[in-house]
There are 2 protein chains.
Amino acid sequence: MYCLSFLTAAVAFAFAAWLYLWVKKQKTENPKIQQVSRLIREGANTFMNREYRILARFAGVAAAAILLFLPKPIWQGTPGTNLAMTFSYIAGTLLSAVAGKIGVMVATLSNARAAEKAKEGIRPAFLVGFRGGAVMGLLVVGCSVLGVAAVLFFFGDASILLGFSFGASSLALFAKAGGGIFTKTADIAADLTGKVELGIPEDDPRNPAVIADNVGDNVGDVAGMGADLFDSNVAAMTSALVIAQSLSGDYANMSMVLCYACLGLLSSIVGISLAGIGPKDSPTRALNASTYVTTGIFLALTALATALIPGFSWRIWGASAVGLLVGVIIGVTTDYFTDDAQPIVRKAAHACSSGPAFTILSGVSYGLISAMPAMVGIALSALFAYRLCAPMGEGYAVFGISMAAVGMLSIVGMIISNDAYGPIVDNARGLAEMGGLGEKTISVADQLDSAGNTVKAITKGFSISAAGLTVISLLGAFLTETNAALAEAGKPLLTGFDIMSPTVFFGVLVGAAIPAVFSAMLILGVNKNAQGMVKEIHRQFDTIPGLREGLEGAAPDYGTCIDIATVGALKELVGAGLMSILATVLVGFIGGSSAIGGFLLGNIVSGLLLALFMSNAGGLWDNAKKYIEAGAEGGKGSPAHKAAVIGDTVGDPFKDTAGPSINTQITVVSLVASLLSSLFVAFSLFS
Amino acid sequence: MYCLSFLTAAVAFAFAAWLYLWVKKQKTENPKIQQVSRLIREGANTFMNREYRILARFAGVAAAAILLFLPKPIWQGTPGTNLAMTFSYIAGTLLSAVAGKIGVMVATLSNARAAEKAKEGIRPAFLVGFRGGAVMGLLVVGCSVLGVAAVLFFFGDASILLGFSFGASSLALFAKAGGGIFTKTADIAADLTGKVELGIPEDDPRNPAVIADNVGDNVGDVAGMGADLFDSNVAAMTSALVIAQSLSGDYANMSMVLCYACLGLLSSIVGISLAGIGPKDSPTRALNASTYVTTGIFLALTALATALIPGFSWRIWGASAVGLLVGVIIGVTTDYFTDDAQPIVRKAAHACSSGPAFTILSGVSYGLISAMPAMVGIALSALFAYRLCAPMGEGYAVFGISMAAVGMLSIVGMIISNDAYGPIVDNARGLAEMGGLGEKTISVADQLDSAGNTVKAITKGFSISAAGLTVISLLGAFLTETNAALAEAGKPLLTGFDIMSPTVFFGVLVGAAIPAVFSAMLILGVNKNAQGMVKEIHRQFDTIPGLREGLEGAAPDYGTCIDIATVGALKELVGAGLMSILATVLVGFIGGSSAIGGFLLGNIVSGLLLALFMSNAGGLWDNAKKYIEAGAEGGKGSPAHKAAVIGDTVGDPFKDTAGPSINTQITVVSLVASLLSSLFVAFSLFS
């Protein structure tokens with residue numbers, strides 16, 4: 001299986017390189033577009049470099065702590081294991097960082113090319129946008145397969161993967177939460193000063209925040225989402241491998257995890273190479289079609305492998321198939337709540353005509369309701385996977401759940417490609433406007449952009465659910481790790497976490513509060529930074545002569561806005577991240593392993609609820625606004641539109657900062673718990 | 001103990017009667033005030049009669065189902081038990097209904113008298129408002145002690161109390177959710193048409209919704225909150241008694257539950273009779289002081305009882321003391337998040353100056369953060385109570401938690417008195433305005449009203465936490481009941497609910513989604529009804545000559561508005577209530593007892609989180625608006641004020657409809673689960 005893993009990763013990298021060269025070959029001619037695209041690229045680079053520098057400091061401290069204490073204090077265990085864990089942690093951060101960096105670089109090359117291609121029509125422009133995004137998808141999944149296989153190959157122990165996975169998580173926490181704060185700081189500030197105060201269009205180059213806004217799309221949606229799904233994917237494989245390793249000495253199960261992950265990547269490669277718009281297709285349909293194609297290929301390939309390879313079980317195949325199918329179904333139900341072709345968004349748009357308060361109330365209500373189908377879906381897929389695999393023997397039931405998560409995440413290469421397509425064409429639309437490519441080209445870019453928004457809602461629902469299923473299996477991994485530590489300490493093993501035990505219950509309640517506080521801190525961070533940036537924009541309008549009026553030669557200072565967003569985002573995310581990690585450590589040292597079991601459960605439950613609520617409510621407001629702008633309820637400039645803009649502004653940090661960051665927060669917390677499991681066994685106040 | 005219970009209830013009723021006569025003796029002279037007060041009383045009566053009529057139908061169906069199926073199908077068990085359960089259920093609804101009906105009657109008598117007393121100054125007016133509210137407090141607690149003791153006395157089996165408690169819960173669901181929808185429908189419609197469109201003051205008699213608004217204060221806050229706390233109090237006693245009965249044949253524990261409840265009622269009686277404003281006191285301080293006095297008396301009396309009565313344990317006393325103290329502490333932290341003398345509300349008010357989107361975002365964020373201290377507090381009190389009582393033997397630990405809930409609810413008579421004071425003085429302020437009592441009197445009424453608002457935030461935090469602790473002990477009662485059924489069926493007993501079991505986990509995820517959907521349905525209900533009422537008000541302004549201009553003799557048709565609110569509220573609440581009950585039944589028949597255990601946990605966790613979030617965010621927006629109206633951030637009419645009004649409108653159904661109704665929803669669901677426990681044992685799909 002190692003050979004297959006390395007080979008698949010190599011194929012993915014080669015294909016990504018080919019796509020990159022293909023994108024690069026496309027011409028850009030318009031000097032204005034070239035210039036702005038360069039500004040965006042530089043802005044994104046600046047942000048990511050600074051982010052990585054802060055992350056490096058954090059990772060340094062974490063690596064030192066791991067070296068000293070994990071999996072056991074270095075003076076009590078074998079220093080070699082601690083060293084392996086440290087190395088694995090660093091590899092996790094590095095691989096994710098490299099994938100993110102290259103992915104954003106390609107995305108910021110693609111935006112200008114997609115804009116210019118839009119002159120030729122929708123089909124060639126779509127291809128540029130999609131292939132630019134696919135580079136990110138292939139890199140992320142290639143790196144995760146490569147990394148997991150390599151760690152396993154070199155150290156021969158799945159537990160060491162927890163370090164790798166934690167590395168991926170640390171980076172994701174920074175990339176997703178930091179990128180999320182950055183992008184919404186710029187977006188809100190640009191909208192408030194541009195659209196609302198001056199009445200100039202979204203991507204007007206006079207607005208000093210306009211480049212920062214475009215940078216934000218890249219660092220938030222491309223790098224952030226990529227790191228998030230790298231994290232989920234690695235975590236799903238890790239927990240499946242940790243549990244598989246604990247199963248009665250059968251290596252077939254571990255092979256199966258790697259094999260399925262490789263087949264998922266191969267399916268995505270096929271899906272990506274087949275993608276394209278048919279003559280009568282819409283871009284939305286093209287994106288969704290390639291997801292379905294990838295799903296079908298994955299199911300067929302894994303069935304073939306299961307039939308051919310001895311030791312592979314059909315029950316486990318069933319579990320991963322259920323996971324994948326439920327993931328797709330959740331994506332479709334998310335669409336029901338956020339697509340303006342469906343009744344919910346139209347009802348919310350109608351509520352806008354009664355004023356902003358009703359806009360907010362209806363979005364909040366439908367957002368809360370929208371959490372239900374996904375939560376029931378996750379619950380059912382876990383239940384089915386468990387029942388399916390329980391007859392195979394002890395431990396297999398939990399392994400089934402972890403394979404459902406692996407199955408759900410198998411098509412993640414395709415999901416990231418679709419998702420990264422979004423910011424590229426969003427940027428392209430802005431560039432078409434700033435480069436003065438004319439009405440027709442802008443309208444083509446608009447169509448591409450709108451497809452990106454629709455697909456984004458679906459991929460977001462998908463990635464939250466995948467994270468949900470992953471952390472359920474991480475809960476299993478935590479129990480496995482804890483029992484290993486208990487066995488070594490000669491203490492009685494845990495059979496599970498009983499909610500009637502008050503330490504478990506204590507953990508549940510505290511755990512449930514964490515995602516609420518975490519998301520609130522991020523939202524307050526966006527609020528604060530956006531207000532700071534609005535002030536800066538006002539300063540520029542007041543002091544740069546001719547800028548407000550749009551006179552020739554009056555150029556805004558884009559850099560300062562990028563700087564404000566960068567510094568602010570990094571400052572705010574550190575507090576929120578530390579809060580959730582410290583709470584985990586505190587609960588563990590107070591209530592021990594049982595309290596942590598409950599803590600993880602509470603965290604997962606309230607995290608899923610809030611993440612789904614916030615993402616969907618935000619998507620719903622966004623599309624209600626677009627629906628009104630397309631002419632409903634009085635159209636642009638009507639009171640309903642003003643109310644919808646307020647809803648959209650509230651929804652911005654909901655859907656692009658807090659909601660999807662909660663994913664990462666729950667994964668980080670789950671991994672911290674697994675990593676520290678033996679410390680909690682060794683010491684706790686009330687356990 | 002039965003004697004003590006009946007005696008204490010009698011004392012409470014006698015004292016309530018004396019207070020009623022005292023309030024009635026106060027004079028009303030102003031004919032306008034008398035007339036409006038009569039309209040409010042009639043409106044409240046109309047609503048409650050209709051509500052009770054629908055409830056009677058619901059209760060009839062439920063009673064028939066109980067008679068046939070509970071605790072066991074009548075053809076399998078003893079019909080006598082089923083009959084006792086049915087009778088006990090009906091008694092629960094009736095006692096709560098009677099207490100609510102009389103309480104509202106007295107409250108609507110007190111409002112006019114408090115308004116006229118306000119001419120004489122703050123101290124006499126305070127006393128009228130407080131004593132009017134205290135009638136409700138005494139009746140509710142008197143009825144709950146009387147009912148619980150009587151059911152136990154007649155049937156000699158604590159399990160029968162589950163029927164009584166479910167009766168109280170059914171009524172609370174109707175009263176709290178229905179009253180909550182009513183009050184906010186009228187409030188929002190009155191504000192939108194009056195303050196926003198016409199720019200007339202809050203209680204202007206020209207507004208056709210103004211009487212409905214005042215009726216809403218009474219049916220929502222007096223009757224609704226009373227029924228809610230009746231429900232919590234009965235549920236806390238019930239679960240403590242059910243668990244105590246299962247403990248190794250020791251009646252001292254059961255006596256202890258009743259004794260503590262009686263001593264709590266006696267403490268409240270003393271606290272109420274001591275209440276009053278000192279010469280230099282503020283009304284807020286007076287209300288809080290009486291809470292602290294009651295707390296002190298309760299702790300002293302129970303310590304005395306524990307010392308004197310053989311079989312009473314100091315550990316159990318400790319558990320109930322912890323519960324009560326944590327309740328008071330949670331009340332104080334709620335104050336921190338919702339009081340405009342504290343930094344949080346001021347920050348939210350400052351965010352209003354950046355526009356409505358920031359107003360909403362900051363309120364949502366602080367609301368989410370505010371849930372944490374209460375959740376940690378509840379978790380810690382459960383943990384301490386458990387640890388304290390665990391050494392006493394098996395089953396005592398859970399009994400300790402239930403006694404913490406009883407302790408927290410012991411001062412509920414005082415809490416309801418403080419809470420019912422709010423709508424009375426709120427009405428009084430309106431009456432003072434409508435009766436033209438002059439600036440000075442209105443300002444006195446304003447001071448009383450503002451104290452009501454502050455205290456309301458605290459009591460709301462208190463009652464949510466009490467419900468939280470109660471449902472934790474109901475989870476214990478559910479396990480006890482399930483094991484009784486399992487033992488009888490000859491099946492192995494449950495030791496608890498393991499979150500690693502996928503049926504439990506399935507239950508947790510589904511259970512967590514219920515409060516979200518429930519609260520969303522209520523909010524959408526308010527939205528819909530308020531829009532209907534706004535339409536009706538516009539119709540009246542358009543068709544009644546001279547109404548808009550406020551000409552002499554142009555009277556609005558108050559009745560139609562009351563009618564719209566009544567019909568709409570009852571329609572919406574039935575759907576939301578049925579949804580949560582049916583979901584419980586469905587999960588039970590799918591996943592059996594284990595799934596229900598998880599379901600209750602998920603329900604409690606997300607219910608607590610959402611209830612605290614919504615109540616506190618709503619309170620915060622309300623007070624931020626008041627803070628701005630008092631002159632901050634540009635004062636009345638400034639852009640910040642407009643944004644704050646939007647925040648307040650969003651907060652209205654959060655804090656007065658959805659938030660506090662979740663309480664009742666989680667209690668109802670917990671009781672349904674306990675009642676149906678033997679059916680779930682007998683049949684389920686996947687257990």
# chains A, B, ... in the order shown; residues from 1 in each chain; ligands from 1
call {"tool": "interface_residues", "arguments": {"of": "chain B", "to": "chain A", "cutoff": "7 Å", "atoms": "only C-alpha atoms", "output": "ChimeraX atom specification"}}
result
/B:356-358,360-362,365-366,368-369,371-372,375-376,379-380,382-383,386,496-500,502-503,505-506,509-510,512-513,516-517,520,523-524,527,605-606,646,649-650
call {"tool": "closest_atom_pairs", "arguments": {"of": "segment 528-591 of chain B", "to": "segment 657-666 of chain B", "cutoff": "9 Å", "atoms": "only C-alpha atoms", "output": "Markdown table"}}
result
| residue | atom | partner | partner_atom | distance |
| --- | --- | --- | --- | --- |
| B:Gly577 | CA | B:Gln665 | CA | 7.5 |
| B:Ser580 | CA | B:Gln665 | CA | 7.3 |
| B:Ile581 | CA | B:Gln665 | CA | 8.8 |
call {"tool": "atom_distance", "arguments": {"atom1": "atom CA of Thr238 of chain A", "atom2": "atom CA of Ser165 of chain A"}}
result
6.9 Å
call {"tool": "residues_around", "arguments": {"residues": "segment 297-308 of chain A", "least_positions_apart": "5", "cutoff": "9 Å", "atoms": "only C-alpha atoms", "output": "list of chain:residue names"}}
result
A:Met256, A:Cys259, A:Tyr260, A:Leu263, A:Gly264, A:Leu265, A:Leu266, A:Ser267, A:Ser268, A:Val270, A:Gly271, A:Tyr292, A:Ser313, A:Trp314, A:Trp317, A:Ser320, A:Ala321, A:Leu324, A:Gly407, A:Ser410, A:Ile411
call {"tool": "atom_distance", "arguments": {"atom1": "atom CA of Asn453 of chain B", "atom2": "atom CA of Asn214 of chain B"}}
result
15.0 Å
call {"tool": "residues_around", "arguments": {"residues": "Ala485 of chain A", "least_positions_apart": "3", "cutoff": "6 Å", "atoms": "only C-alpha atoms", "output": "list of chain:residue names"}}
result
A:Thr482, A:Glu488, A:Ser678
call {"tool": "write_last_selection", "arguments": {"atoms": "C-alpha atoms", "output": "PDB file, in the first residue's frame"}}
result
ATOM      1  CA  THR A 482      -6.480   6.579  26.794  1.00  0.00           C
ATOM      2  CA  GLU A 488       0.456   0.754  30.715  1.00  0.00           C
ATOM      3  CA  SER A 678      -1.502   9.829  28.831  1.00  0.00           C
TER       4      SER A 678
END
call {"tool": "residues_around", "arguments": {"residues": "Asp157 of chain B", "least_positions_apart": "3", "cutoff": "12 Å", "atoms": "only C-alpha atoms", "output": "compact mmCIF listing (two decimals) with all heavy atoms, in the first residue's frame"}}
result
# COMPACT_ATOMS: atom_id res chain seq x y z
N THR B 81 -53.40 1.92 38.65
CA THR B 81 -52.24 2.80 38.51
C THR B 81 -52.46 3.77 37.36
O THR B 81 -52.14 4.96 37.45
CB THR B 81 -50.97 1.97 38.26
OG1 THR B 81 -51.00 0.83 39.12
CG2 THR B 81 -49.74 2.77 38.52
N ALA B 84 -54.75 6.43 38.46
CA ALA B 84 -54.07 7.36 39.36
C ALA B 84 -53.21 8.33 38.55
O ALA B 84 -53.19 9.54 38.79
CB ALA B 84 -53.21 6.59 40.35
N MET B 85 -52.49 7.81 37.57
CA MET B 85 -51.63 8.63 36.73
C MET B 85 -52.46 9.68 35.97
O MET B 85 -52.08 10.85 35.90
CB MET B 85 -50.91 7.70 35.75
CG MET B 85 -49.78 8.31 34.98
SD MET B 85 -48.39 8.66 36.05
CE MET B 85 -47.27 7.35 35.60
N SER B 88 -53.66 12.29 38.33
CA SER B 88 -52.54 13.12 38.75
C SER B 88 -52.16 14.11 37.64
O SER B 88 -51.86 15.27 37.88
CB SER B 88 -51.40 12.18 39.11
OG SER B 88 -50.16 12.76 39.04
N VAL B 148 -48.00 18.23 45.01
CA VAL B 148 -47.05 17.14 45.14
C VAL B 148 -47.34 16.33 46.41
O VAL B 148 -47.41 15.10 46.38
CB VAL B 148 -45.60 17.68 45.16
CG1 VAL B 148 -44.63 16.60 45.59
CG2 VAL B 148 -45.23 18.22 43.79
N ALA B 149 -47.57 17.04 47.51
CA ALA B 149 -47.83 16.33 48.78
C ALA B 149 -49.12 15.53 48.67
O ALA B 149 -49.19 14.38 49.13
CB ALA B 149 -47.91 17.33 49.93
N ALA B 150 -50.15 16.11 48.05
CA ALA B 150 -51.44 15.42 47.98
C ALA B 150 -51.34 14.16 47.13
O ALA B 150 -51.86 13.10 47.50
CB ALA B 150 -52.51 16.36 47.42
N VAL B 151 -50.70 14.27 45.96
CA VAL B 151 -50.56 13.10 45.09
C VAL B 151 -49.82 11.97 45.83
O VAL B 151 -50.22 10.81 45.80
CB VAL B 151 -49.82 13.46 43.77
CG1 VAL B 151 -49.43 12.20 43.02
CG2 VAL B 151 -50.70 14.35 42.91
N LEU B 152 -48.76 12.37 46.54
CA LEU B 152 -47.97 11.39 47.27
C LEU B 152 -48.80 10.78 48.41
O LEU B 152 -48.74 9.57 48.67
CB LEU B 152 -46.72 12.09 47.82
CG LEU B 152 -45.48 11.25 47.97
CD1 LEU B 152 -45.11 10.59 46.66
CD2 LEU B 152 -44.32 12.14 48.44
N PHE B 153 -49.58 11.63 49.07
CA PHE B 153 -50.39 11.20 50.21
C PHE B 153 -51.46 10.20 49.75
O PHE B 153 -51.65 9.15 50.35
CB PHE B 153 -51.04 12.42 50.85
CG PHE B 153 -51.93 12.10 52.00
CD1 PHE B 153 -51.40 11.71 53.23
CD2 PHE B 153 -53.30 12.21 51.87
CE1 PHE B 153 -52.23 11.42 54.29
CE2 PHE B 153 -54.14 11.92 52.94
CZ PHE B 153 -53.60 11.52 54.15
N PHE B 154 -52.14 10.51 48.63
CA PHE B 154 -53.24 9.67 48.19
C PHE B 154 -52.77 8.37 47.54
O PHE B 154 -53.36 7.33 47.73
CB PHE B 154 -54.15 10.42 47.22
CG PHE B 154 -55.04 11.39 47.93
CD1 PHE B 154 -54.93 12.75 47.70
CD2 PHE B 154 -55.97 10.94 48.87
CE1 PHE B 154 -55.75 13.65 48.37
CE2 PHE B 154 -56.79 11.84 49.55
CZ PHE B 154 -56.67 13.20 49.29
N ILE B 160 -46.16 8.16 40.35
CA ILE B 160 -47.41 8.79 39.93
C ILE B 160 -47.22 10.31 39.76
O ILE B 160 -47.90 10.96 38.98
CB ILE B 160 -48.52 8.48 40.96
CG1 ILE B 160 -48.72 6.98 41.07
CG2 ILE B 160 -49.84 9.15 40.58
CD1 ILE B 160 -49.21 6.33 39.80
N LEU B 161 -46.26 10.84 40.51
CA LEU B 161 -45.97 12.28 40.41
C LEU B 161 -45.53 12.68 39.00
O LEU B 161 -45.67 13.83 38.61
CB LEU B 161 -44.86 12.66 41.39
CG LEU B 161 -45.31 12.96 42.82
CD1 LEU B 161 -44.10 13.17 43.69
CD2 LEU B 161 -46.21 14.17 42.83
N LEU B 162 -44.95 11.72 38.26
CA LEU B 162 -44.54 12.04 36.90
C LEU B 162 -45.74 12.53 36.09
O LEU B 162 -45.62 13.43 35.25
CB LEU B 162 -43.92 10.82 36.21
CG LEU B 162 -42.52 10.44 36.70
CD1 LEU B 162 -42.12 9.08 36.14
CD2 LEU B 162 -41.50 11.49 36.28
N GLY B 163 -46.90 11.95 36.35
CA GLY B 163 -48.12 12.40 35.68
C GLY B 163 -48.45 13.84 36.07
O GLY B 163 -48.74 14.69 35.22
N PHE B 164 -48.38 14.12 37.38
CA PHE B 164 -48.65 15.47 37.87
C PHE B 164 -47.69 16.48 37.22
O PHE B 164 -48.08 17.53 36.74
CB PHE B 164 -48.48 15.48 39.39
CG PHE B 164 -48.84 16.77 40.04
CD1 PHE B 164 -50.16 17.15 40.21
CD2 PHE B 164 -47.84 17.63 40.51
CE1 PHE B 164 -50.49 18.35 40.82
CE2 PHE B 164 -48.16 18.83 41.11
CZ PHE B 164 -49.49 19.20 41.27
N THR B 238 -40.41 16.29 41.90
CA THR B 238 -40.76 14.96 41.39
C THR B 238 -39.53 14.09 41.19
O THR B 238 -39.47 12.94 41.65
CB THR B 238 -41.52 15.08 40.06
OG1 THR B 238 -42.72 15.79 40.31
CG2 THR B 238 -41.85 13.70 39.49
N LEU B 241 -38.03 13.06 44.40
CA LEU B 241 -38.84 12.06 45.11
C LEU B 241 -38.76 10.69 44.44
O LEU B 241 -38.70 9.66 45.12
CB LEU B 241 -40.30 12.53 45.20
CG LEU B 241 -40.53 13.66 46.23
CD1 LEU B 241 -41.88 14.33 46.02
CD2 LEU B 241 -40.41 13.11 47.65
N VAL B 242 -38.76 10.68 43.09
CA VAL B 242 -38.66 9.41 42.38
C VAL B 242 -37.33 8.73 42.71
O VAL B 242 -37.28 7.53 43.01
CB VAL B 242 -38.78 9.63 40.85
CG1 VAL B 242 -38.33 8.39 40.08
CG2 VAL B 242 -40.21 9.97 40.48
N ILE B 243 -36.26 9.52 42.71
CA ILE B 243 -34.95 8.94 43.01
C ILE B 243 -34.89 8.52 44.49
O ILE B 243 -34.40 7.44 44.82
CB ILE B 243 -33.82 9.93 42.67
CG1 ILE B 243 -33.85 10.21 41.16
CG2 ILE B 243 -32.46 9.37 43.07
CD1 ILE B 243 -32.99 11.37 40.74
N ALA B 244 -35.43 9.38 45.38
CA ALA B 244 -35.40 9.06 46.81
C ALA B 244 -36.14 7.75 47.08
O ALA B 244 -35.73 6.94 47.90
CB ALA B 244 -36.03 10.20 47.62
N GLN B 245 -37.26 7.56 46.39
CA GLN B 245 -38.06 6.34 46.59
C GLN B 245 -37.28 5.09 46.20
O GLN B 245 -37.45 4.03 46.81
CB GLN B 245 -39.32 6.44 45.74
CG GLN B 245 -40.30 5.31 45.98
CD GLN B 245 -41.60 5.55 45.25
OE1 GLN B 245 -42.60 5.98 45.81
NE2 GLN B 245 -41.59 5.29 43.96
N SER B 246 -36.39 5.23 45.20
CA SER B 246 -35.63 4.07 44.74
C SER B 246 -34.45 3.76 45.67
O SER B 246 -33.84 2.72 45.56
CB SER B 246 -35.12 4.29 43.32
OG SER B 246 -34.01 5.15 43.34
N TYR B 251 -37.34 6.33 54.18
CA TYR B 251 -38.30 7.40 53.95
C TYR B 251 -37.78 8.78 54.35
O TYR B 251 -38.36 9.80 53.99
CB TYR B 251 -39.63 7.09 54.64
CG TYR B 251 -40.38 6.02 53.90
CD1 TYR B 251 -40.42 4.73 54.37
CD2 TYR B 251 -40.99 6.31 52.68
CE1 TYR B 251 -41.08 3.73 53.66
CE2 TYR B 251 -41.64 5.33 51.97
CZ TYR B 251 -41.68 4.04 52.46
OH TYR B 251 -42.32 3.07 51.75
N MET B 254 -37.26 11.00 51.36
CA MET B 254 -38.46 11.57 50.77
C MET B 254 -39.00 12.70 51.64
O MET B 254 -39.40 13.75 51.15
CB MET B 254 -39.51 10.49 50.55
CG MET B 254 -39.07 9.48 49.50
SD MET B 254 -40.29 8.22 49.16
CE MET B 254 -41.48 9.12 48.20
call {"tool": "closest_residue", "arguments": {"among": "A:Asp419, A:Glu481, A:Glu42, A:Glu572", "to": "Phe462 of chain A", "atoms": "only C-alpha atoms"}}
result
A:Asp419
